$ cat input-v6.csv   # CSV, C-alpha atoms and all ligand atoms
chain,number,residue,atom,x,y,z
A,1,MET,CA,-3.6,13.2,18.2
A,2,SER,CA,-2.5,11.2,21.1
A,3,GLY,CA,-3.2,12.6,24.5
A,4,GLU,CA,-3.7,12.1,28.2
A,5,ARG,CA,-6.5,10.0,29.6
A,6,PRO,CA,-8.8,11.5,32.2
A,7,LEU,CA,-7.5,11.1,35.8
A,8,GLU,CA,-10.9,9.8,37.0
A,9,VAL,CA,-13.9,8.3,35.2
A,10,THR,CA,-17.1,7.3,37.0
A,11,ILE,CA,-20.5,6.1,35.7
A,12,ASP,CA,-22.9,5.7,38.7
A,13,ASP,CA,-25.5,7.6,40.7
A,14,ARG,CA,-23.1,9.8,42.6
A,15,ALA,CA,-21.7,12.0,39.9
A,16,ILE,CA,-22.1,15.2,41.8
A,17,GLU,CA,-20.4,13.8,44.9
A,18,HIS,CA,-17.5,12.7,42.7
A,19,LEU,CA,-17.3,16.2,41.2
A,20,LEU,CA,-17.3,17.9,44.6
A,21,ALA,CA,-14.6,15.5,46.0
A,22,PHE,CA,-12.4,15.7,42.9
A,23,THR,CA,-12.5,19.5,42.6
A,24,ALA,CA,-11.8,19.8,46.3
A,25,GLU,CA,-8.8,17.4,46.1
A,26,GLN,CA,-7.4,19.3,43.1
A,27,GLY,CA,-7.9,22.7,44.7
A,28,MET,CA,-10.3,23.7,41.9
A,29,HIS,CA,-12.3,26.4,43.6
A,30,ASP,CA,-13.1,28.7,40.7
A,31,LEU,CA,-15.3,27.0,38.1
A,32,LEU,CA,-17.2,27.8,34.9
A,33,MET,CA,-20.1,25.4,34.0
A,34,VAL,CA,-21.4,25.2,30.4
A,35,SER,CA,-24.8,23.7,29.6
A,36,ASP,CA,-27.8,24.3,27.4
A,37,GLU,CA,-31.4,24.6,28.4
A,38,ASN,CA,-32.0,20.9,28.1
A,39,THR,CA,-28.9,19.7,29.9
A,40,TYR,CA,-29.3,22.4,32.5
A,41,ALA,CA,-32.7,21.0,33.4
A,42,ALA,CA,-31.5,17.4,33.2
A,43,LEU,CA,-28.4,17.8,35.4
A,44,GLY,CA,-26.8,21.3,35.3
A,45,ALA,CA,-29.2,22.8,37.9
A,46,ARG,CA,-28.3,20.2,40.4
A,47,VAL,CA,-24.6,20.6,39.8
A,48,GLU,CA,-24.9,24.3,40.1
A,49,ALA,CA,-26.8,24.1,43.4
A,50,ALA,CA,-24.3,21.6,44.9
A,51,LEU,CA,-21.3,23.8,43.9
A,52,SER,CA,-22.9,26.9,45.2
A,53,GLU,CA,-23.8,25.2,48.5
A,54,ALA,CA,-20.2,24.0,48.8
A,55,GLY,CA,-19.1,27.7,48.5
A,56,ARG,CA,-17.4,27.5,45.2
A,57,ASP,CA,-17.0,30.5,42.9
A,58,LEU,CA,-19.1,29.5,40.0
A,59,ILE,CA,-20.0,31.1,36.7
A,60,SER,CA,-22.8,29.3,34.9
A,61,VAL,CA,-23.4,29.7,31.1
A,62,ILE,CA,-26.6,28.2,29.8
A,63,HIS,CA,-26.8,28.3,26.0
A,64,THR,CA,-30.1,29.0,24.4
A,65,GLY,CA,-31.5,28.7,21.0
A,66,GLU,CA,-33.3,26.2,18.8
A,67,GLU,CA,-30.1,24.3,17.8
A,68,VAL,CA,-27.0,24.8,19.9
A,69,VAL,CA,-24.0,24.2,17.7
A,70,ALA,CA,-20.2,24.4,18.2
A,71,ASP,CA,-19.7,27.5,16.1
A,72,ALA,CA,-18.3,31.0,16.5
A,73,ARG,CA,-21.5,32.4,18.2
A,74,TYR,CA,-21.6,29.8,21.0
A,75,ILE,CA,-17.9,29.9,21.5
A,76,PHE,CA,-18.0,33.7,21.8
A,77,HIS,CA,-20.8,33.5,24.3
A,78,THR,CA,-18.9,31.1,26.4
A,79,LEU,CA,-15.9,33.3,26.4
A,80,LEU,CA,-18.0,36.4,27.1
A,81,ALA,CA,-19.4,34.8,30.2
A,82,ALA,CA,-15.9,34.1,31.5
A,83,ASP,CA,-13.9,36.6,33.6
A,84,PRO,CA,-10.1,37.0,33.6
A,85,LYS,CA,-9.8,34.6,36.6
A,86,PRO,CA,-8.3,31.2,35.9
A,87,ARG,CA,-11.2,28.7,36.1
A,88,THR,CA,-11.8,25.0,35.6
A,89,TYR,CA,-14.5,24.4,33.1
A,90,ILE,CA,-17.3,21.9,33.5
A,91,ALA,CA,-19.2,20.7,30.5
A,92,VAL,CA,-22.7,19.4,31.3
A,93,GLY,CA,-24.1,18.1,28.1
A,94,SER,CA,-23.6,15.7,25.2
A,95,GLY,CA,-21.4,16.2,22.1
A,96,THR,CA,-21.9,19.9,21.3
A,97,VAL,CA,-21.7,21.4,24.7
A,98,THR,CA,-18.6,19.2,25.4
A,99,ASP,CA,-16.9,20.3,22.2
A,100,ILE,CA,-17.6,24.0,22.9
A,101,THR,CA,-16.1,23.6,26.3
A,102,ARG,CA,-13.2,21.5,25.1
A,103,PHE,CA,-12.2,24.2,22.7
A,104,VAL,CA,-12.6,27.2,25.0
A,105,SER,CA,-11.0,25.6,28.0
A,106,HIS,CA,-8.0,24.5,25.9
A,107,ARG,CA,-7.5,27.9,24.3
A,108,THR,CA,-7.7,29.6,27.7
A,109,HIS,CA,-5.2,27.2,29.3
A,110,SER,CA,-7.8,25.7,31.6
A,111,SER,CA,-8.7,22.1,32.2
A,112,PHE,CA,-12.3,20.8,31.9
A,113,ILE,CA,-14.4,18.2,33.5
A,114,SER,CA,-17.0,16.3,31.4
A,115,MET,CA,-20.4,15.5,32.8
A,116,PRO,CA,-22.1,13.7,29.9
A,117,THR,CA,-25.9,13.9,29.8
A,118,ALA,CA,-26.4,11.4,27.0
A,119,PRO,CA,-24.4,8.4,25.8
A,120,SER,CA,-24.6,9.8,22.3
A,121,VAL,CA,-21.0,10.0,20.8
A,122,ASP,CA,-17.6,8.4,21.4
A,123,GLY,CA,-15.9,11.8,21.5
A,124,PHE,CA,-16.1,12.5,25.3
A,125,ALA,CA,-12.6,11.2,26.1
A,126,SER,CA,-11.1,12.4,22.8
A,127,ILE,CA,-8.9,15.4,22.2
A,128,GLY,CA,-10.6,16.6,18.9
A,129,ALA,CA,-13.4,19.2,18.9
A,130,PRO,CA,-15.5,19.1,15.8
A,131,LEU,CA,-16.3,22.8,15.2
A,132,ILE,CA,-18.3,24.6,12.5
A,133,ILE,CA,-15.9,27.1,11.0
A,134,ASP,CA,-17.4,29.4,8.3
A,135,GLY,CA,-20.0,26.8,7.7
A,136,VAL,CA,-17.6,23.9,7.3
A,137,LYS,CA,-17.1,21.3,10.0
A,138,GLU,CA,-13.4,20.9,11.0
A,139,THR,CA,-11.9,18.9,13.9
A,140,VAL,CA,-9.6,21.1,16.0
A,141,ILE,CA,-7.1,19.4,18.2
A,142,CYS,CA,-7.6,20.4,21.8
A,143,HIS,CA,-7.5,18.2,24.9
A,144,ALA,CA,-9.4,15.4,26.7
A,145,PRO,CA,-11.3,16.1,29.9
A,146,ILE,CA,-9.3,15.9,33.2
A,147,ALA,CA,-12.2,13.8,34.6
A,148,ILE,CA,-15.5,12.3,33.5
A,149,PHE,CA,-18.4,12.0,36.0
A,150,ALA,CA,-21.5,10.5,34.4
A,151,ASP,CA,-24.8,10.4,36.3
A,152,ILE,CA,-26.3,7.1,35.2
A,153,ASN,CA,-29.9,8.2,35.8
A,154,THR,CA,-29.5,11.3,33.7
A,155,LEU,CA,-28.0,9.1,30.9
A,156,ALA,CA,-30.9,6.6,31.1
A,157,ASN,CA,-33.4,9.4,31.0
A,158,ALA,CA,-31.8,11.0,27.9
A,159,PRO,CA,-34.0,11.2,24.8
A,160,GLN,CA,-34.1,7.8,23.0
A,161,ALA,CA,-32.8,9.3,19.8
A,162,LEU,CA,-29.5,10.3,21.6
A,163,ILE,CA,-29.1,6.9,23.1
A,164,ALA,CA,-29.7,5.2,19.8
A,165,ALA,CA,-27.2,7.6,18.2
A,166,GLY,CA,-24.6,6.4,20.7
A,167,LEU,CA,-25.2,2.8,19.6
A,168,GLY,CA,-25.1,3.9,15.9
A,169,ASP,CA,-21.6,5.5,16.5
A,170,MET,CA,-20.5,2.2,18.1
A,171,LEU,CA,-21.8,0.0,15.3
A,172,GLY,CA,-19.8,2.0,12.9
A,173,LYS,CA,-16.7,0.4,14.4
A,174,TYR,CA,-17.5,-2.9,12.6
A,175,THR,CA,-16.9,-1.2,9.3
A,176,SER,CA,-14.2,1.2,10.4
A,177,ILE,CA,-12.1,-1.6,11.7
A,178,ALA,CA,-12.6,-3.6,8.5
A,179,ASP,CA,-11.7,-0.5,6.5
A,180,TRP,CA,-8.6,0.0,8.6
A,181,ARG,CA,-7.5,-3.5,7.8
A,182,LEU,CA,-8.0,-2.8,4.1
A,183,GLY,CA,-6.0,0.4,4.5
A,184,ARG,CA,-3.1,-1.5,6.1
A,185,LEU,CA,-3.1,-4.0,3.2
A,186,PHE,CA,-3.4,-1.6,0.2
A,187,TRP,CA,-2.5,1.9,1.4
A,188,GLY,CA,0.3,1.3,3.9
A,189,GLU,CA,-1.7,2.8,6.7
A,190,PRO,CA,-0.3,2.3,10.2
A,191,TYR,CA,-2.2,-0.4,12.1
A,192,ASP,CA,-2.4,-1.8,15.6
A,193,GLU,CA,-4.1,-5.2,16.0
A,194,GLU,CA,-4.5,-4.7,19.8
A,195,ILE,CA,-6.3,-1.5,19.4
A,196,ALA,CA,-8.5,-3.0,16.7
A,197,GLN,CA,-9.4,-5.9,19.1
A,198,ARG,CA,-10.1,-3.5,21.9
A,199,THR,CA,-12.4,-1.4,19.6
A,200,LEU,CA,-14.3,-4.6,18.5
A,201,ALA,CA,-14.6,-5.7,22.1
A,202,ALA,CA,-16.2,-2.3,23.0
A,203,VAL,CA,-18.8,-2.8,20.1
A,204,GLN,CA,-19.5,-6.3,21.4
A,205,LEU,CA,-20.2,-5.0,24.9
A,206,CYS,CA,-22.8,-2.7,23.4
A,207,VAL,CA,-24.3,-5.3,21.1
A,208,ASP,CA,-24.6,-7.8,23.9
A,209,ASN,CA,-26.7,-5.3,25.8
A,210,VAL,CA,-28.7,-3.9,22.9
A,211,ASP,CA,-32.1,-4.7,24.3
A,212,ALA,CA,-31.2,-3.2,27.7
A,213,ILE,CA,-30.0,-0.2,25.9
A,214,GLY,CA,-33.3,0.0,23.9
A,215,ALA,CA,-35.2,-0.3,27.2
A,216,ASP,CA,-33.1,2.5,28.9
A,217,GLU,CA,-32.1,0.1,31.6
A,218,PRO,CA,-29.3,1.7,33.6
A,219,GLU,CA,-27.0,-1.3,33.3
A,220,GLY,CA,-27.3,-1.3,29.5
A,221,ILE,CA,-26.8,2.4,29.3
A,222,ARG,CA,-23.7,2.1,31.5
A,223,LYS,CA,-22.3,-0.5,29.1
A,224,LEU,CA,-23.0,1.8,26.1
A,225,LEU,CA,-21.1,4.7,27.7
A,226,GLU,CA,-18.3,2.4,28.7
A,227,GLY,CA,-18.1,1.3,25.1
A,228,LEU,CA,-18.1,4.9,23.8
A,229,ILE,CA,-15.4,5.9,26.3
A,230,GLU,CA,-13.3,2.9,25.4
A,231,SER,CA,-13.6,3.8,21.7
A,232,GLY,CA,-12.4,7.3,22.6
A,233,TYR,CA,-9.4,5.8,24.4
A,234,CYS,CA,-8.5,3.7,21.4
A,235,MET,CA,-8.3,6.9,19.4
A,236,LEU,CA,-6.2,8.6,22.1
A,237,ASP,CA,-3.9,5.6,22.4
A,238,PHE,CA,-3.5,5.2,18.6
A,239,GLY,CA,-3.1,8.8,18.0
A,240,SER,CA,-5.8,9.3,15.3
A,241,SER,CA,-9.4,8.6,14.7
A,242,ARG,CA,-8.5,5.8,12.3
A,243,PRO,CA,-9.8,2.9,14.6
A,244,ALA,CA,-13.2,4.6,15.0
A,245,SER,CA,-13.8,6.2,11.6
A,246,GLY,CA,-14.1,4.6,8.1
A,247,ALA,CA,-16.4,4.8,5.1
A,248,GLU,CA,-19.5,5.1,7.3
A,249,HIS,CA,-18.1,8.3,8.9
A,250,HIS,CA,-17.3,9.7,5.4
A,251,TYR,CA,-21.0,9.2,4.4
A,252,SER,CA,-22.0,11.0,7.6
A,253,HIS,CA,-19.5,13.9,7.0
A,254,LEU,CA,-20.8,14.3,3.4
A,255,TRP,CA,-24.5,14.5,4.6
A,256,GLU,CA,-23.5,16.9,7.4
A,257,MET,CA,-21.7,19.3,5.0
A,258,LYS,CA,-24.6,19.2,2.6
A,259,LEU,CA,-27.1,20.0,5.4
A,260,LEU,CA,-25.0,22.9,6.6
A,261,ARG,CA,-24.5,24.3,3.1
A,262,GLU,CA,-28.2,24.2,2.5
A,263,GLY,CA,-29.1,25.6,5.9
A,264,ARG,CA,-31.1,22.5,6.9
A,265,PRO,CA,-31.3,21.3,10.5
A,266,ALA,CA,-28.5,19.0,11.6
A,267,ILE,CA,-29.0,15.2,12.1
A,268,LEU,CA,-27.4,13.5,15.1
A,269,HIS,CA,-23.9,12.3,14.3
A,270,GLY,CA,-24.5,8.7,15.5
A,271,ALA,CA,-27.9,8.4,13.7
A,272,LYS,CA,-26.2,9.2,10.4
A,273,VAL,CA,-23.3,6.9,11.2
A,274,GLY,CA,-25.7,4.0,12.1
A,275,VAL,CA,-27.6,4.2,8.9
A,276,ALA,CA,-24.3,4.6,6.9
A,277,THR,CA,-23.0,1.5,8.6
A,278,VAL,CA,-26.0,-0.5,7.3
A,279,LEU,CA,-25.1,0.7,3.8
A,280,VAL,CA,-21.4,0.0,4.1
A,281,ALA,CA,-22.2,-3.4,5.6
A,282,GLY,CA,-24.2,-4.0,2.4
A,283,LEU,CA,-21.1,-3.3,0.4
A,284,TYR,CA,-19.0,-5.8,2.5
A,285,ASP,CA,-21.8,-8.3,1.8
A,286,ARG,CA,-21.4,-7.8,-1.9
A,287,ILE,CA,-17.6,-8.2,-1.6
A,288,ARG,CA,-18.1,-11.5,0.3
A,289,ALA,CA,-20.1,-12.8,-2.6
A,290,MET,CA,-17.5,-11.8,-5.2
A,291,SER,CA,-15.0,-14.3,-6.6
A,292,ARG,CA,-11.4,-13.3,-7.4
A,293,ASN,CA,-12.2,-13.8,-11.1
A,294,GLU,CA,-15.2,-11.5,-11.0
A,295,ALA,CA,-13.1,-8.9,-9.1
A,296,ALA,CA,-10.3,-9.2,-11.8
A,297,ASP,CA,-12.8,-8.6,-14.6
A,298,LEU,CA,-14.4,-5.6,-12.9
A,299,MET,CA,-11.0,-4.0,-12.2
A,300,GLU,CA,-9.9,-4.6,-15.7
A,301,ALA,CA,-12.8,-2.5,-16.9
A,302,SER,CA,-12.6,0.2,-14.1
A,303,ASP,CA,-11.7,3.8,-14.8
A,304,TRP,CA,-10.5,4.3,-11.3
A,305,SER,CA,-6.9,5.5,-12.0
A,306,ASN,CA,-8.0,8.4,-14.2
A,307,ALA,CA,-7.5,11.6,-12.1
A,308,ASP,CA,-9.6,13.7,-14.5
A,309,VAL,CA,-12.6,11.3,-14.0
A,310,GLU,CA,-12.0,11.6,-10.2
A,311,MET,CA,-11.8,15.4,-10.2
A,312,THR,CA,-15.0,15.7,-12.3
A,313,ARG,CA,-16.8,13.5,-9.7
A,314,ILE,CA,-15.4,15.6,-6.9
A,315,ARG,CA,-16.5,18.9,-8.5
A,316,THR,CA,-20.0,17.5,-9.2
A,317,ALA,CA,-20.4,16.3,-5.6
A,318,TYR,CA,-18.8,19.2,-3.7
A,319,GLY,CA,-19.4,22.4,-5.7
A,320,ASP,CA,-17.7,25.3,-3.9
A,321,GLN,CA,-15.8,23.0,-1.5
A,322,ALA,CA,-14.3,20.9,-4.3
A,323,GLU,CA,-10.9,22.5,-4.3
A,324,ASP,CA,-10.5,21.8,-0.5
A,325,VAL,CA,-11.6,18.2,-1.0
A,326,MET,CA,-9.2,17.7,-3.9
A,327,ALA,CA,-6.3,19.3,-1.8
A,328,ALA,CA,-7.0,16.8,1.0
A,329,HIS,CA,-7.2,13.9,-1.5
A,330,GLN,CA,-4.0,14.6,-3.3
A,331,ARG,CA,-2.4,11.3,-2.6
A,332,PHE,CA,-5.1,9.4,-4.4
A,333,LEU,CA,-5.4,11.9,-7.2
A,334,ASN,CA,-1.6,11.8,-7.8
A,335,LEU,CA,-1.6,8.0,-8.3
A,336,THR,CA,0.0,7.2,-11.6
A,337,PRO,CA,-1.6,4.5,-13.8
A,338,GLU,CA,1.3,2.2,-12.9
A,339,GLU,CA,0.7,2.8,-9.2
A,340,SER,CA,-3.0,2.2,-9.4
A,341,ASP,CA,-2.5,-1.0,-11.4
A,342,ALA,CA,-0.1,-2.2,-8.7
A,343,ILE,CA,-2.8,-1.6,-6.1
A,344,LYS,CA,-5.3,-3.6,-8.2
A,345,ARG,CA,-2.8,-6.4,-8.5
A,346,GLN,CA,-2.3,-6.3,-4.7
A,347,ILE,CA,-6.1,-6.5,-4.2
A,348,LEU,CA,-6.3,-9.7,-6.3
A,349,ALA,CA,-3.2,-11.2,-4.7
A,350,HIS,CA,-4.8,-10.6,-1.3
A,351,TRP,CA,-8.4,-11.5,-2.3
A,352,ASP,CA,-8.6,-14.3,0.4
A,353,GLU,CA,-7.7,-11.7,3.1
A,354,VAL,CA,-10.2,-9.3,1.7
A,355,GLN,CA,-12.8,-12.0,2.1
A,356,GLU,CA,-11.6,-12.7,5.6
A,357,ILE,CA,-11.9,-9.0,6.5
A,358,ALA,CA,-15.4,-8.8,5.0
A,359,ALA,CA,-16.4,-11.9,6.9
A,360,HIS,CA,-16.0,-10.0,10.2
A,361,VAL,CA,-18.6,-7.4,9.2
A,362,PRO,CA,-22.2,-8.4,10.2
A,363,PRO,CA,-24.7,-8.5,7.3
A,364,PRO,CA,-26.7,-5.2,6.8
A,365,ASP,CA,-30.0,-6.6,8.2
A,366,VAL,CA,-28.2,-7.6,11.4
A,367,VAL,CA,-26.8,-4.1,11.8
A,368,ALA,CA,-30.3,-2.6,11.1
A,369,ASP,CA,-31.8,-5.0,13.6
A,370,TYR,CA,-29.4,-3.7,16.4
A,371,LEU,CA,-30.3,-0.1,15.5
A,372,ARG,CA,-34.0,-0.9,15.5
A,373,ARG,CA,-33.8,-2.6,18.9
A,374,ALA,CA,-32.2,0.5,20.3
A,375,GLY,CA,-34.9,2.7,18.8
A,376,GLY,CA,-32.8,4.3,16.1
A,377,PRO,CA,-33.4,5.0,12.4
A,378,THR,CA,-32.2,2.3,9.9
A,379,THR,CA,-32.7,4.0,6.5
A,380,VAL,CA,-31.9,7.3,4.9
A,381,ALA,CA,-35.6,8.0,4.6
A,382,GLU,CA,-35.9,7.7,8.3
A,383,LEU,CA,-33.1,10.2,8.7
A,384,GLY,CA,-35.0,12.6,6.4
A,385,LEU,CA,-32.6,12.2,3.6
A,386,SER,CA,-33.3,11.4,-0.1
A,387,ASP,CA,-32.3,8.4,-2.2
A,388,GLU,CA,-30.2,10.9,-4.2
A,389,GLU,CA,-28.4,11.9,-1.0
A,390,GLN,CA,-27.7,8.2,-0.3
A,391,ALA,CA,-26.3,7.7,-3.8
A,392,LEU,CA,-24.1,10.9,-3.4
A,393,ALA,CA,-22.6,9.6,-0.1
A,394,GLU,CA,-22.0,6.2,-1.7
A,395,GLN,CA,-20.3,7.6,-4.8
A,396,SER,CA,-18.4,10.6,-3.3
A,397,GLY,CA,-18.1,10.3,0.5
A,398,HIS,CA,-14.7,8.5,0.1
A,399,TYR,CA,-13.2,11.6,-1.4
A,400,LEU,CA,-13.3,13.4,2.0
A,401,ARG,CA,-10.3,11.6,3.4
A,402,ASP,CA,-7.2,10.1,2.0
A,403,ARG,CA,-7.8,6.8,3.7
A,404,PHE,CA,-8.4,3.5,2.0
A,405,THR,CA,-11.8,2.0,2.8
A,406,VAL,CA,-14.2,-0.5,1.3
A,407,ARG,CA,-15.6,2.4,-0.7
A,408,LYS,CA,-12.1,2.9,-2.3
A,409,LEU,CA,-12.1,-0.8,-3.0
A,410,ALA,CA,-15.5,-0.5,-4.6
A,411,ARG,CA,-14.2,2.4,-6.6
A,412,ALA,CA,-11.3,0.3,-7.9
A,413,LEU,CA,-13.8,-2.3,-8.8
A,414,ASP,CA,-16.1,0.4,-10.2
A,415,ILE,CA,-19.2,-1.0,-8.5
A,501,ZN,ZN,-18.3,9.0,15.3

$ encode --input "input-v6.csv" --output "structure tokens"
Amino acid sequence: MSGERPLEVTIDDRAIEHLLAFTAEQGMHDLLMVSDENTYAALGARVEAALSEAGRDLISVIHTGEEVVADARYIFHTLLAADPKPRTYIAVGSGTVTDITRFVSHRTHSSFISMPTAPSVDGFASIGAPLIIDGVKETVICHAPIAIFADINTLANAPQALIAAGLGDMLGKYTSIADWRLGRLFWGEPYDEEIAQRTLAAVQLCVDNVDAIGADEPEGIRKLLEGLIESGYCMLDFGSSRPASGAEHHYSHLWEMKLLREGRPAILHGAKVGVATVLVAGLYDRIRAMSRNEAADLMEASDWSNADVEMTRIRTAYGDQAEDVMAAHQRFLNLTPEESDAIKRQILAHWDEVQEIAAHVPPPDVVADYLRRAGGPTTVAELGLSDEEQALAEQSGHYLRDRFTVRKLARALDI
């Protein structure tokens, strides 16, 4: 998943000037701009006017509809607007518009420039495009933008829900890094301490500015986007989403799949991740309060190693999609009783380290307080989800990936 970083990244009040200068330098005369009605009004119209005035050959696609999603329909309409001429794409928007553009530009051998309109996700600088394929979300490997030009005033005027979602996606790094450290200890996952530290520094930058972010102050908003872009770089440099995605993202993925399946409106990625981070932080809290003896007793009684039990749980949680989930989860499902006993012994042998890892995750009320100060939801009820859906994510979200997280630890302990 590793890839090239953008050649140029700016976050200031001269985004359009930077775009004009960069495209002139690079000889990018023929362009195709993708936006939706909201992002066109927020920034796209000005970009279009400036490019036309500069005499560029520009095609502008403005997606319409209640909910613009990165699916076949919107990808098709983007392609339909294009002509056979090679063009550089410009994505004016937040996550969805950027992902549609990332995919179409990549598959047409074009590069793309990102002009984010909201600091809402850490995916701007990444190479993966989460697309909805036959009703299922899948991340398709594409490319990073060749440049990112963010207009600080557009970002600061973005809807508060999108800004708070960006903070939620960042707070998820507290638990994703802790989970990654557990994965290194108990699942042999490749790990890079320098990237872990860089990711945590990016979260810290956002947390230090949380009130400025909540008040939409340009300086706070700039820090948030810097944090999100740095998190994207950590994924690029490490070569996978591991630094930025742990149990909290698995809860979010489970809810997202369920909403799609049931034809319900989507919930912002970062809003789901933020609430899930509060829940996962609660689990780390519980681990912190647990003695080695208590852990030993719990694991003695746990039915974790039984693949039949696990497959029944997966079928109950995922219905039609259960076979795919099981296929992706083979490594865990294939554990022999001896192998899972060995992992349990490892967990006890490293209990002090588990405690140390857990100590670096803020308590759930602190995470919730950060979210609240940024104006974001802190509970599943505020997301519009039920208590049953919370329980489902807690019990079965971890089956979505074959990574070891605190949820896997909780499953081994059967709590
Ligand atoms: Zn995320």

$ residues_near_ligand --input "input-v6.csv" --ligand "ligand ZN 501 (chain A)" --cutoff "12 Å" --atoms "all atoms listed in the file" --output "JSON, numbers by chain"
{"A": [95, 120, 121, 122, 123, 124, 126, 128, 129, 130, 139, 165, 166, 167, 168, 169, 170, 171, 172, 173, 175, 176, 228, 229, 231, 232, 235, 241, 242, 243, 244, 245, 246, 247, 248, 249, 250, 251, 252, 253, 268, 269, 270, 271, 272, 273, 274, 276, 277]}

$ write_last_selection --input "input-v6.csv" --atoms "C-alpha atoms" --output "compact mmCIF listing (two decimals), in the frame of the given file"
# COMPACT_ATOMS: atom_id res chain seq x y z
CA GLY A 95 -21.40 16.20 22.10
CA SER A 120 -24.60 9.80 22.30
CA VAL A 121 -21.00 10.00 20.80
CA ASP A 122 -17.60 8.40 21.40
CA GLY A 123 -15.90 11.80 21.50
CA PHE A 124 -16.10 12.50 25.30
CA SER A 126 -11.10 12.40 22.80
CA GLY A 128 -10.60 16.60 18.90
CA ALA A 129 -13.40 19.20 18.90
CA PRO A 130 -15.50 19.10 15.80
CA THR A 139 -11.90 18.90 13.90
CA ALA A 165 -27.20 7.60 18.20
CA GLY A 166 -24.60 6.40 20.70
CA LEU A 167 -25.20 2.80 19.60
CA GLY A 168 -25.10 3.90 15.90
CA ASP A 169 -21.60 5.50 16.50
CA MET A 170 -20.50 2.20 18.10
CA LEU A 171 -21.80 0.00 15.30
CA GLY A 172 -19.80 2.00 12.90
CA LYS A 173 -16.70 0.40 14.40
CA THR A 175 -16.90 -1.20 9.30
CA SER A 176 -14.20 1.20 10.40
CA LEU A 228 -18.10 4.90 23.80
CA ILE A 229 -15.40 5.90 26.30
CA SER A 231 -13.60 3.80 21.70
CA GLY A 232 -12.40 7.30 22.60
CA MET A 235 -8.30 6.90 19.40
CA SER A 241 -9.40 8.60 14.70
CA ARG A 242 -8.50 5.80 12.30
CA PRO A 243 -9.80 2.90 14.60
CA ALA A 244 -13.20 4.60 15.00
CA SER A 245 -13.80 6.20 11.60
CA GLY A 246 -14.10 4.60 8.10
CA ALA A 247 -16.40 4.80 5.10
CA GLU A 248 -19.50 5.10 7.30
CA HIS A 249 -18.10 8.30 8.90
CA HIS A 250 -17.30 9.70 5.40
CA TYR A 251 -21.00 9.20 4.40
CA SER A 252 -22.00 11.00 7.60
CA HIS A 253 -19.50 13.90 7.00
CA LEU A 268 -27.40 13.50 15.10
CA HIS A 269 -23.90 12.30 14.30
CA GLY A 270 -24.50 8.70 15.50
CA ALA A 271 -27.90 8.40 13.70
CA LYS A 272 -26.20 9.20 10.40
CA VAL A 273 -23.30 6.90 11.20
CA GLY A 274 -25.70 4.00 12.10
CA ALA A 276 -24.30 4.60 6.90
CA THR A 277 -23.00 1.50 8.60

$ closest_atom_pairs --input "input-v6.csv" --of "segment 136-164 of chain A" --to "segment 317-324 of chain A" --cutoff "12 Å" --atoms "only C-alpha atoms" --output "tab-separated table"
residue	atom	partner	partner_atom	distance
A:Val136	CA	A:Gln321	CA	9.0
A:Lys137	CA	A:Gln321	CA	11.7
A:Glu138	CA	A:Asp324	CA	11.9

$ closest_residue --input "input-v6.csv" --among "A:Ala307, A:Cys234, A:Ile314, A:Ala212" --to "Asn334 of chain A" --atoms "all atoms listed in the file"
A:Ala307

$ closest_residue --input "input-v6.csv" --among "A:Ala118, A:Val325, A:Ala391, A:Ala161" --to "Arg222 of chain A" --atoms "all atoms listed in the file"
A:Ala118

$ closest_residue --input "input-v6.csv" --among "A:Asn153, A:Thr78, A:Thr96, A:Thr117" --to "Asp13 of chain A" --atoms "all atoms listed in the file"
A:Asn153

$ residues_around --input "input-v6.csv" --residues "Glu353 of chain A" --least-positions-apart "2" --cutoff "12 Å" --atoms "all atoms listed in the file" --output "PyMOL selection string"
chain A and resi 178+181-182+184-186+287-288+292+346-351+355-360

$ write_last_selection --input "input-v6.csv" --atoms "C-alpha atoms" --output "PDB file, in the frame of the given file"
ATOM      1  CA  ALA A 178     -12.600  -3.600   8.500  1.00  0.00           C
ATOM      2  CA  ARG A 181      -7.500  -3.500   7.800  1.00  0.00           C
ATOM      3  CA  LEU A 182      -8.000  -2.800   4.100  1.00  0.00           C
ATOM      4  CA  ARG A 184      -3.100  -1.500   6.100  1.00  0.00           C
ATOM      5  CA  LEU A 185      -3.100  -4.000   3.200  1.00  0.00           C
ATOM      6  CA  PHE A 186      -3.400  -1.600   0.200  1.00  0.00           C
ATOM      7  CA  ILE A 287     -17.600  -8.200  -1.600  1.00  0.00           C
ATOM      8  CA  ARG A 288     -18.100 -11.500   0.300  1.00  0.00           C
ATOM      9  CA  ARG A 292     -11.400 -13.300  -7.400  1.00  0.00           C
ATOM     10  CA  GLN A 346      -2.300  -6.300  -4.700  1.00  0.00           C
ATOM     11  CA  ILE A 347      -6.100  -6.500  -4.200  1.00  0.00           C
ATOM     12  CA  LEU A 348      -6.300  -9.700  -6.300  1.00  0.00           C
ATOM     13  CA  ALA A 349      -3.200 -11.200  -4.700  1.00  0.00           C
ATOM     14  CA  HIS A 350      -4.800 -10.600  -1.300  1.00  0.00           C
ATOM     15  CA  TRP A 351      -8.400 -11.500  -2.300  1.00  0.00           C
ATOM     16  CA  GLN A 355     -12.800 -12.000   2.100  1.00  0.00           C
ATOM     17  CA  GLU A 356     -11.600 -12.700   5.600  1.00  0.00           C
ATOM     18  CA  ILE A 357     -11.900  -9.000   6.500  1.00  0.00           C
ATOM     19  CA  ALA A 358     -15.400  -8.800   5.000  1.00  0.00           C
ATOM     20  CA  ALA A 359     -16.400 -11.900   6.900  1.00  0.00           C
ATOM     21  CA  HIS A 360     -16.000 -10.000  10.200  1.00  0.00           C
TER      22      HIS A 360
END
